[in-house]
Amino acid sequence: MLFIHVPAYYERACVCRLLVGMWIQLFQQFTGMNVIMYYSTQIFGKINVAEFVSTAVVGIINFLTTFGTLALVDKAGRKPLLLLGSLSMVVTCALGGTVIVASGGNDNLSEAQGYRVVLSVCAFVFSFALTWGPVAWVVTSEIFPLRVRGKLVSITTASNWAANFAIGKWTPLLLLPSVLDVQGILFLMAVLNTAALIFVLLAVPETKGRSLESMDQLFERDNLLDSSDYTFYLRCGCFVDCCCSGRRNYSRVGEDDVQTLITSGEGGDETDVAFTDDTAT
């Protein structure tokens with residue numbers, strides 16, 4: 001599998017994890033954040049606002065908001081932040097595009113309407129920096145078995161940069177008035193963020209607080225959809241850890257006082273070994 005030797009036990013699980021990790025990184029780019037970062041002056045210039053000042057404000061928001069994730073990622077969890085970020089970016093992109101369309105296009109935007117679009121872009125950047133920006137990297141660093149983590153994380157990172165290259169290459173073409181223009185780009189970003197939301201909802205497990213051993217259980221199913229256990233996450237993809245008995249029961253797998261009973265031995269002699277919770281006294 002991709003010139004990476006893994007035990008037979010891990011092979012199917014690694015394929016599922018690799019696909020999930022690659023799509024997380026691809027969607028991090030497809031949110032459209034780097035469309036804003038790379039071409040903000042061109043975008044803001046088209047909507048009749050002070051492009052350099054607006055670009056500076058966007059950069060400051062991106063920088064400062066990222067620190068908020070440090071306080072949230074281990075409290076709210078990875079999956080809820082990704083879901084909330086996707087939903088927020090759908091709304092902000094749709095609002096920005098709607099303002100432009102309602103005014104009759106870029107050329108008919110007043111300065112006040114232009115700054116409404118800037119405000120929606122700032123809200124988009126805030127949402128990304130608080131969620132998808134850092135959390136995508138957190139998830140892809142957690143889901144792989146230790147012995148192949150370095151190689152598989154490298155592959156997911158390569159997919160991120162491949163998407164980054166495509167965005168940098170094709171965005172100027174898409175910004176042409178004869179192609180999508182600013183409003184079309186914003187609506188396209190809204191559509192892609194909707195796809196990211198659906199993907200996270202159905203295929204990304206919550207990795208908060210899981211050990212490497214319990215992480216394996218999330219990816220042992222027969223196929224990717226089974227691995228996602230999407231019916232469970234449709235019920236439990238929320239901020240409150242103990243919101244339902246389903247999540248409490250599921251999170252206890254591998255974490256009870258007696259976690260695992262291993263039977264081994266030679267010549268008919270069997271030895272039972274019980275592994276207890278690290279917190280047990």
# chains A, B, ... in the order shown; residues from 1 in each chain; ligands from 1
call {"tool": "select_by_dssp", "arguments": {"residues": "segment 65-236 of chain A", "states": "helix (DSSP H, G or I)", "output": "PyMOL selection string"}}
result
chain A and resi 65-76+78-103+106-108+111-130+132-142+146-174+181-203+212-217+224-228+230-236
call {"tool": "closest_atom_pairs", "arguments": {"of": "segment 24-124 of chain A", "to": "segment 181-188 of chain A", "cutoff": "10 Å", "atoms": "only C-alpha atoms", "output": "CSV"}}
result
residue,atom,partner,partner_atom,distance
A:Phe30,CA,A:Leu188,CA,9.5
A:Thr31,CA,A:Leu188,CA,9.3
A:Gly32,CA,A:Leu186,CA,8.5
A:Val35,CA,A:Ile185,CA,8.7
A:Ile36,CA,A:Leu186,CA,10.0
A:Gln42,CA,A:Val182,CA,9.5
A:Ile43,CA,A:Val182,CA,6.5
A:Phe44,CA,A:Val182,CA,9.0
A:Lys46,CA,A:Val182,CA,7.7
A:Ile47,CA,A:Val182,CA,8.3
A:Met89,CA,A:Leu186,CA,9.9
A:Val90,CA,A:Phe187,CA,8.5
A:Val91,CA,A:Phe187,CA,10.0
A:Thr92,CA,A:Leu186,CA,8.8
A:Cys93,CA,A:Leu186,CA,5.1
A:Ala94,CA,A:Phe187,CA,5.7
A:Leu95,CA,A:Leu186,CA,8.7
A:Gly96,CA,A:Leu186,CA,6.8
A:Gly97,CA,A:Gln183,CA,4.4
A:Thr98,CA,A:Gln183,CA,7.4
A:Val99,CA,A:Gln183,CA,8.5
A:Ile100,CA,A:Gln183,CA,6.1
A:Val101,CA,A:Gln183,CA,6.8
A:Gly105,CA,A:Gln183,CA,7.9
A:Asn106,CA,A:Val182,CA,7.8
A:Val117,CA,A:Gln183,CA,9.7
A:Val121,CA,A:Leu186,CA,9.2
call {"tool": "closest_atom_pairs", "arguments": {"of": "segment 113-156 of chain A", "to": "segment 190-195 of chain A", "cutoff": "12 Å", "atoms": "only C-alpha atoms", "output": "CSV"}}
result
residue,atom,partner,partner_atom,distance
A:Val121,CA,A:Ala190,CA,11.9
A:Phe124,CA,A:Ala190,CA,10.3
A:Ser127,CA,A:Asn193,CA,11.6
A:Phe128,CA,A:Asn193,CA,10.6
A:Trp132,CA,A:Asn193,CA,10.6
call {"tool": "write_last_selection", "arguments": {"atoms": "C-alpha atoms", "output": "short mmCIF file (atom, residue, chain, number, x, y, z; two decimals), in the first residue's frame"}}
result
data_model
loop_
_atom_site.label_atom_id
_atom_site.label_comp_id
_atom_site.auth_asym_id
_atom_site.auth_seq_id
_atom_site.Cartn_x
_atom_site.Cartn_y
_atom_site.Cartn_z
CA VAL A 121 -15.16 37.91 4.68
CA PHE A 124 -15.35 33.82 7.32
CA SER A 127 -14.50 30.97 11.52
CA PHE A 128 -11.68 29.31 9.61
CA TRP A 132 -10.49 24.32 10.22
#
call {"tool": "atom_distance", "arguments": {"atom1": "atom CA of Asn160 of chain A", "atom2": "atom CA of Gln29 of chain A"}}
result
6.6 Å
call {"tool": "residues_around", "arguments": {"residues": "Thr65 of chain A", "least_positions_apart": "3", "cutoff": "10 Å", "atoms": "only C-alpha atoms", "output": "ChimeraX atom specification"}}
result
/A:60-62,68-70,125-131
call {"tool": "write_last_selection", "arguments": {"atoms": "C-alpha atoms", "output": "short mmCIF file (atom, residue, chain, number, x, y, z; two decimals), in the first residue's frame"}}
result
data_model
loop_
_atom_site.label_atom_id
_atom_site.label_comp_id
_atom_site.auth_asym_id
_atom_site.auth_seq_id
_atom_site.Cartn_x
_atom_site.Cartn_y
_atom_site.Cartn_z
CA ILE A 60 -4.84 40.40 11.99
CA ILE A 61 -8.11 38.53 12.56
CA ASN A 62 -6.56 35.34 11.19
CA GLY A 68 -8.56 30.83 20.59
CA THR A 69 -8.34 27.28 19.29
CA LEU A 70 -5.79 26.45 21.98
CA VAL A 125 -11.68 34.23 8.26
CA PHE A 126 -12.58 34.23 11.96
CA SER A 127 -14.50 30.97 11.52
CA PHE A 128 -11.68 29.31 9.61
CA ALA A 129 -8.92 30.42 12.00
CA LEU A 130 -10.90 29.16 15.00
CA THR A 131 -11.76 25.78 13.49
#
call {"tool": "atom_distance", "arguments": {"atom1": "atom CA of Thr207 of chain A", "atom2": "atom CA of Trp161 of chain A"}}
result
23.8 Å
call {"tool": "residues_around", "arguments": {"residues": "Gly209 of chain A", "least_positions_apart": "2", "cutoff": "9 Å", "atoms": "only C-alpha atoms", "output": "PyMOL selection string"}}
result
chain A and resi 74+77+206-207+211
call {"tool": "atom_distance", "arguments": {"atom1": "atom CA of Ser54 of chain A", "atom2": "atom CA of Tyr39 of chain A"}}
result
11.8 Å
call {"tool": "decode", "arguments": {"residues": "segment 86-100 of chain A", "atoms": "all heavy atoms", "output": "CSV table (one decimal), in the first residue's frame"}}
result
chain,number,residue,atom,x,y,z
A,86,SER,N,-17.5,24.8,9.4
A,86,SER,CA,-18.1,24.6,8.1
A,86,SER,C,-19.4,25.4,7.9
A,86,SER,O,-19.6,26.1,7.0
A,86,SER,CB,-18.3,23.1,7.8
A,86,SER,OG,-17.0,22.4,7.7
A,87,LEU,N,-20.2,25.2,8.9
A,87,LEU,CA,-21.5,25.9,8.9
A,87,LEU,C,-21.4,27.4,8.9
A,87,LEU,O,-22.0,28.1,8.1
A,87,LEU,CB,-22.4,25.4,10.1
A,87,LEU,CG,-23.8,26.0,10.2
A,87,LEU,CD1,-24.6,25.7,9.0
A,87,LEU,CD2,-24.4,25.6,11.5
A,88,SER,N,-20.5,27.9,9.7
A,88,SER,CA,-20.2,29.3,9.8
A,88,SER,C,-19.7,29.9,8.4
A,88,SER,O,-20.1,30.9,8.0
A,88,SER,CB,-19.3,29.7,10.9
A,88,SER,OG,-19.8,29.3,12.1
A,89,MET,N,-18.8,29.1,7.8
A,89,MET,CA,-18.2,29.6,6.5
A,89,MET,C,-19.3,29.5,5.4
A,89,MET,O,-19.2,30.3,4.5
A,89,MET,CB,-17.0,28.8,6.2
A,89,MET,CG,-15.8,29.1,7.1
A,89,MET,SD,-14.2,28.3,6.7
A,89,MET,CE,-14.5,26.6,7.3
A,90,VAL,N,-20.2,28.5,5.5
A,90,VAL,CA,-21.2,28.5,4.5
A,90,VAL,C,-22.1,29.7,4.6
A,90,VAL,O,-22.4,30.4,3.6
A,90,VAL,CB,-22.1,27.2,4.7
A,90,VAL,CG1,-23.4,27.3,3.8
A,90,VAL,CG2,-21.4,26.0,4.3
A,91,VAL,N,-22.4,30.1,5.8
A,91,VAL,CA,-23.3,31.3,6.0
A,91,VAL,C,-22.6,32.6,5.6
A,91,VAL,O,-23.2,33.4,4.9
A,91,VAL,CB,-23.8,31.3,7.5
A,91,VAL,CG1,-24.5,32.6,7.7
A,91,VAL,CG2,-24.6,30.1,7.8
A,92,THR,N,-21.4,32.7,6.0
A,92,THR,CA,-20.7,34.0,5.7
A,92,THR,C,-20.4,34.2,4.2
A,92,THR,O,-20.5,35.3,3.7
A,92,THR,CB,-19.4,34.1,6.5
A,92,THR,OG1,-18.6,32.9,6.3
A,92,THR,CG2,-19.6,34.2,8.0
A,93,CYS,N,-20.0,33.1,3.5
A,93,CYS,CA,-19.8,33.2,2.1
A,93,CYS,C,-21.1,33.4,1.3
A,93,CYS,O,-21.1,34.3,0.4
A,93,CYS,CB,-19.2,31.9,1.6
A,93,CYS,SG,-17.5,31.6,2.1
A,94,ALA,N,-22.1,32.8,1.7
A,94,ALA,CA,-23.4,33.0,1.1
A,94,ALA,C,-23.9,34.4,1.3
A,94,ALA,O,-24.5,35.1,0.4
A,94,ALA,CB,-24.5,32.0,1.6
A,95,LEU,N,-23.7,35.0,2.5
A,95,LEU,CA,-24.1,36.4,2.8
A,95,LEU,C,-23.3,37.3,1.9
A,95,LEU,O,-23.9,38.3,1.3
A,95,LEU,CB,-23.9,36.7,4.2
A,95,LEU,CG,-25.0,36.1,5.2
A,95,LEU,CD1,-24.6,36.4,6.7
A,95,LEU,CD2,-26.3,36.6,4.9
A,96,GLY,N,-22.0,37.1,1.8
A,96,GLY,CA,-21.2,38.0,1.0
A,96,GLY,C,-21.6,38.0,-0.5
A,96,GLY,O,-21.7,39.1,-1.1
A,97,GLY,N,-21.8,36.8,-1.0
A,97,GLY,CA,-22.2,36.7,-2.4
A,97,GLY,C,-23.6,37.3,-2.6
A,97,GLY,O,-23.8,37.9,-3.7
A,98,THR,N,-24.5,37.1,-1.7
A,98,THR,CA,-25.8,37.7,-1.8
A,98,THR,C,-25.8,39.2,-1.8
A,98,THR,O,-26.6,39.8,-2.6
A,98,THR,CB,-26.7,37.2,-0.6
A,98,THR,OG1,-26.8,35.8,-0.7
A,98,THR,CG2,-28.1,37.7,-0.8
A,99,VAL,N,-25.0,39.8,-1.0
A,99,VAL,CA,-24.9,41.3,-1.0
A,99,VAL,C,-24.5,41.8,-2.4
A,99,VAL,O,-25.1,42.8,-2.9
A,99,VAL,CB,-23.9,41.8,0.0
A,99,VAL,CG1,-23.6,43.3,-0.1
A,99,VAL,CG2,-24.4,41.5,1.4
A,100,ILE,N,-23.5,41.1,-3.0
A,100,ILE,CA,-23.0,41.6,-4.3
A,100,ILE,C,-24.1,41.4,-5.4
A,100,ILE,O,-24.4,42.2,-6.2
A,100,ILE,CB,-21.8,40.8,-4.7
A,100,ILE,CG1,-20.6,41.1,-3.7
A,100,ILE,CG2,-21.3,41.2,-6.2
A,100,ILE,CD1,-19.4,40.3,-4.0
